[in-house]
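**Student:** Quick one: this structure, given as structure tokens, is what I'll be asking you about.
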Amino acid sequence: MVHALFHQALVRGYDAFKLQFPNEGRRMWHLRVLNDFWKTYTPGPSIPSNDVAMDDGEPPFISDIDPMDQVLEDEELGLVIRTDFTNDEAWNQFRRRLEESQKDLLQDLRGEQQEEPEKNTPGNSQSSQPLLAEGDQESDSSDEFPDFIKVIDPQSEEDRAKVKDISNIRALRLFNDVDIRICPPAPKETTKVPPNPLIGLHGLQEFYSGKNLWIYDSKSNADECVRVVSQTGDVYGTASGDSWRARGSHICELQFGMVYQGLRIDFNGLDRWDYEERVRNISECMTI
């Protein structure tokens with residue numbers, strides 16, 4: 001499903017961009033359509049709030065392949081993307097700790113599942129849906145369990161160039177799917193921020209969906225943290241692509257909480273996101 005206005009734009013312009021840039025892919029063609037939409041859209045008296053479902057089969061702008069589809073086809077919930085390649089020792093240590101934290105979390109979950117049958121005695125009618133699939137019960141191989149995080153560590157110079165020092169918005173555009181929605185309303189007596197697609201433009205906001213992104217950058221070599229990238233700006237004035245830094249050892253626990261426990265990082269409505277990264281995103285968002 002996509003927003004009605006974006007759906008109309010895709011119907012009008014997708015095929016032309018696909019023909020003009022045949023070596024790109026679905027996500028880039030979507031971005032070209034959206035970039036054209038932001039430059040030409042004139043708001044009417046009201047903004048449609050509905051999404052469009054594809055009831056009669058998927059059109060090409062949904063079903064076409066994308067170069068990143070193969071990276072995203074596995075079941076991991078999030079991606080750690082290495083974007084700095086200057087310190088292999090720091091990276092390898094970070095990755096070891098990430099793998100250890102994931103292993104510890106999976107062991108804890110296995111332990112909770114083993115205890116669950118004891119709680120549901122014949123006199124207790126309560127039941128619960130197991131977190132892990134039935135086929136993922138404990139065995140001698142940890143490979144029976146899906147990983148929470150997939151690590152993207154490009155090896156060739158060509159692949160490294162695609163992600164080296166990239167901004168949050170560039171990472172979202174590579175690995176997530178873009179759409180638009182009605183932007184969060186501005187509270188009364190709030191100073192309006194300059195219009196921008198990532199915050200709000202013509203009453204609409206660009207946002208992303210897909211796997212959560214955790215970006216290892218040059219600062220990570222020293223602080224062992226990553227940028228946690230937000231896919232939407234949920235509070236007026238915040239932007240899609242905002243980020244904050246989290247320790248690598250906390251990634252798996254946070255990812256689990258986001259997906260299974262409804263964890264949301266909103267700083268209680270305060271704007272505590274990394275302002276420098278926001279400025280960088282905004283400066284790049286109208287460039288394809």
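Here's how to read the names in the structure tokens: chain A, B, ... by the order shown, residue numbers from 1 in each chain, ligand numbers from 1 in the order shown.
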So which residues touch Arg26 (chain A) within 12 Å, counting only C-alpha atoms, skipping near sequence neighbours fewer than 6 positions away, as a PyMOL selection string?
**Tutor:** chain A and resi 10+14-15+17-19+32-33+59-69+173-178
**Student:** How about saving the chosen residues, C-alpha atoms kept, as a PDB file, in the first residue's frame?
**Tutor:**
ATOM      1  CA  LEU A  10       3.874   6.550  -9.674  1.00  0.00           C
ATOM      2  CA  TYR A  14       7.319   5.581 -12.986  1.00  0.00           C
ATOM      3  CA  ASP A  15       7.495   4.026 -16.451  1.00  0.00           C
ATOM      4  CA  PHE A  17      11.942   7.103 -15.332  1.00  0.00           C
ATOM      5  CA  LYS A  18      12.334   3.337 -15.708  1.00  0.00           C
ATOM      6  CA  LEU A  19      12.833   3.802 -19.445  1.00  0.00           C
ATOM      7  CA  ARG A  32      12.873   9.955  -8.906  1.00  0.00           C
ATOM      8  CA  VAL A  33       9.079   9.989  -9.035  1.00  0.00           C
ATOM      9  CA  PRO A  59       1.858  -3.135 -10.861  1.00  0.00           C
ATOM     10  CA  PRO A  60       5.488  -2.948 -12.023  1.00  0.00           C
ATOM     11  CA  PHE A  61       6.282  -0.120  -9.601  1.00  0.00           C
ATOM     12  CA  ILE A  62       5.616  -2.599  -6.797  1.00  0.00           C
ATOM     13  CA  SER A  63       6.857  -5.863  -8.333  1.00  0.00           C
ATOM     14  CA  ASP A  64       9.976  -4.689 -10.216  1.00  0.00           C
ATOM     15  CA  ILE A  65      13.255  -5.932  -8.786  1.00  0.00           C
ATOM     16  CA  ASP A  66      15.815  -3.757  -7.021  1.00  0.00           C
ATOM     17  CA  PRO A  67      19.570  -4.317  -6.572  1.00  0.00           C
ATOM     18  CA  MET A  68      19.151  -4.384  -2.777  1.00  0.00           C
ATOM     19  CA  ASP A  69      16.342  -6.959  -2.712  1.00  0.00           C
ATOM     20  CA  ARG A 173      16.913   5.237   0.357  1.00  0.00           C
ATOM     21  CA  LEU A 174      19.207   2.298  -0.348  1.00  0.00           C
ATOM     22  CA  PHE A 175      17.695  -0.209   2.071  1.00  0.00           C
ATOM     23  CA  ASN A 176      14.115   0.968   2.812  1.00  0.00           C
ATOM     24  CA  ASP A 177      11.019   1.826   0.785  1.00  0.00           C
ATOM     25  CA  VAL A 178       9.810   5.411   0.482  1.00  0.00           C
TER      26      VAL A 178
END
**Student:** Val163 (chain A): which residues within 10 Å, counting only C-alpha atoms, same-chain residues fewer than 4 positions away excluded, as a list in words?
**Tutor:**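 Surrounding residues, per the criterion: Ile81, Arg82, Thr83, Asp84, Ile152, Asp153, Pro154, Glu158, Asp159, Ser167, Arg170, Ala171, Leu174 and Ile215 of chain A.
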**Student:** Could you save those same residues with all heavy atoms as a CSV table (one decimal), in the first residue's frame?
**Tutor:**
chain,number,residue,atom,x,y,z
A,81,ILE,N,25.2,-1.4,9.3
A,81,ILE,CA,25.9,-1.1,8.0
A,81,ILE,C,27.2,-0.4,8.4
A,81,ILE,O,27.2,0.6,9.0
A,81,ILE,CB,25.0,-0.1,7.2
A,81,ILE,CG1,23.6,-0.7,7.0
A,81,ILE,CG2,25.7,0.1,5.8
A,81,ILE,CD1,22.6,0.3,6.4
A,82,ARG,N,28.3,-1.1,8.0
A,82,ARG,CA,29.6,-0.5,8.2
A,82,ARG,C,29.8,0.6,7.1
A,82,ARG,O,29.8,0.2,5.9
A,82,ARG,CB,30.7,-1.6,8.1
A,82,ARG,CG,32.1,-1.0,8.4
A,82,ARG,CD,33.1,-2.1,8.3
A,82,ARG,NE,34.4,-1.6,8.7
A,82,ARG,CZ,35.6,-2.2,8.5
A,82,ARG,NH1,35.6,-3.4,8.0
A,82,ARG,NH2,36.7,-1.7,8.9
A,83,THR,N,30.0,1.8,7.5
A,83,THR,CA,30.3,2.9,6.5
A,83,THR,C,31.6,3.5,6.7
A,83,THR,O,32.0,4.5,6.0
A,83,THR,CB,29.2,4.0,6.7
A,83,THR,OG1,29.3,4.7,7.9
A,83,THR,CG2,27.8,3.4,6.6
A,84,ASP,N,32.4,3.0,7.7
A,84,ASP,CA,33.8,3.5,7.9
A,84,ASP,C,34.7,2.3,7.8
A,84,ASP,O,34.5,1.3,8.4
A,84,ASP,CB,34.0,4.2,9.2
A,84,ASP,CG,35.4,4.7,9.4
A,84,ASP,OD1,35.7,5.8,9.0
A,84,ASP,OD2,36.2,3.9,10.0
A,152,ILE,N,26.1,-5.7,7.3
A,152,ILE,CA,26.5,-5.3,6.0
A,152,ILE,C,28.0,-4.8,6.1
A,152,ILE,O,28.2,-3.7,6.6
A,152,ILE,CB,25.6,-4.3,5.4
A,152,ILE,CG1,24.1,-4.7,5.4
A,152,ILE,CG2,26.0,-4.0,3.9
A,152,ILE,CD1,23.8,-6.0,4.7
A,153,ASP,N,28.9,-5.6,5.6
A,153,ASP,CA,30.3,-5.2,5.7
A,153,ASP,C,30.9,-5.4,4.3
A,153,ASP,O,31.5,-6.5,4.0
A,153,ASP,CB,31.1,-6.1,6.7
A,153,ASP,CG,32.5,-5.7,6.8
A,153,ASP,OD1,33.0,-4.7,6.3
A,153,ASP,OD2,33.3,-6.5,7.4
A,154,PRO,N,30.8,-4.4,3.4
A,154,PRO,CA,31.2,-4.6,2.0
A,154,PRO,C,32.7,-4.9,1.9
A,154,PRO,O,33.5,-4.3,2.7
A,154,PRO,CB,30.9,-3.2,1.4
A,154,PRO,CG,29.9,-2.6,2.3
A,154,PRO,CD,30.2,-3.1,3.6
A,158,GLU,N,34.3,-1.2,-4.9
A,158,GLU,CA,33.0,-0.7,-5.5
A,158,GLU,C,31.9,-0.7,-4.6
A,158,GLU,O,31.1,0.2,-4.5
A,158,GLU,CB,32.7,-1.6,-6.7
A,158,GLU,CG,31.4,-1.2,-7.5
A,158,GLU,CD,31.1,-2.1,-8.6
A,158,GLU,OE1,31.8,-3.1,-8.9
A,158,GLU,OE2,30.1,-1.8,-9.3
A,159,ASP,N,31.7,-1.8,-3.8
A,159,ASP,CA,30.6,-1.9,-2.8
A,159,ASP,C,30.8,-0.9,-1.7
A,159,ASP,O,29.9,-0.4,-1.1
A,159,ASP,CB,30.5,-3.3,-2.3
A,159,ASP,CG,29.9,-4.3,-3.4
A,159,ASP,OD1,29.2,-3.7,-4.3
A,159,ASP,OD2,30.0,-5.5,-3.3
A,167,SER,N,25.0,9.4,4.5
A,167,SER,CA,24.1,10.0,5.5
A,167,SER,C,23.0,9.0,5.8
A,167,SER,O,22.8,8.0,5.1
A,167,SER,CB,23.5,11.3,4.9
A,167,SER,OG,22.7,10.9,3.7
A,170,ARG,N,20.5,8.8,2.9
A,170,ARG,CA,21.0,8.0,1.8
A,170,ARG,C,20.9,6.5,2.1
A,170,ARG,O,20.5,5.7,1.3
A,170,ARG,CB,22.4,8.3,1.5
A,170,ARG,CG,23.1,7.5,0.4
A,170,ARG,CD,22.4,7.6,-0.9
A,170,ARG,NE,23.0,6.8,-2.0
A,170,ARG,CZ,22.4,6.4,-3.0
A,170,ARG,NH1,21.1,6.6,-3.2
A,170,ARG,NH2,23.0,5.7,-4.0
A,171,ALA,N,21.1,6.1,3.4
A,171,ALA,CA,21.0,4.7,3.8
A,171,ALA,C,19.6,4.3,3.7
A,171,ALA,O,19.3,3.1,3.3
A,171,ALA,CB,21.6,4.5,5.2
A,174,LEU,N,18.6,3.5,0.2
A,174,LEU,CA,19.2,2.3,-0.3
A,174,LEU,C,18.5,1.0,0.1
A,174,LEU,O,18.2,0.1,-0.6
A,174,LEU,CB,20.7,2.2,0.1
A,174,LEU,CG,21.7,2.9,-0.8
A,174,LEU,CD1,23.1,2.8,-0.1
A,174,LEU,CD2,21.7,2.4,-2.2
A,215,ILE,N,23.9,2.4,11.9
A,215,ILE,CA,25.0,2.8,11.1
A,215,ILE,C,26.3,2.9,11.9
A,215,ILE,O,26.4,3.7,12.8
A,215,ILE,CB,24.7,4.1,10.3
A,215,ILE,CG1,23.5,3.8,9.4
A,215,ILE,CG2,25.9,4.5,9.5
A,215,ILE,CD1,23.1,5.1,8.6
**Student:** Based on DSSP run over this structure's backbone, return all residues of region 47-108 of chain A in strand (DSSP E), as a list in words.
**Tutor:**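 Those residues are Asp51, Val52, Gly78, Leu79, Val80, Ile81 and Arg82 of chain A.
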**Student:** Tell me which protein, DNA and RNA residues are within 9 Å of region 184-201 of chain A, counting only C-alpha atoms, leaving out same-chain ones fewer than 4 positions away, and put them as a count of residues only.
**Tutor:** 19
**Student:** Extract, using only C-alpha atoms, all DNA, RNA and protein residues at most 12 Å from Ala4 (chain A), discarding same-chain residues fewer than 6 positions from it, and format them as an MDAnalysis selection string.
**Tutor:** chainID A and resid 10:11 47:54 179:182 204
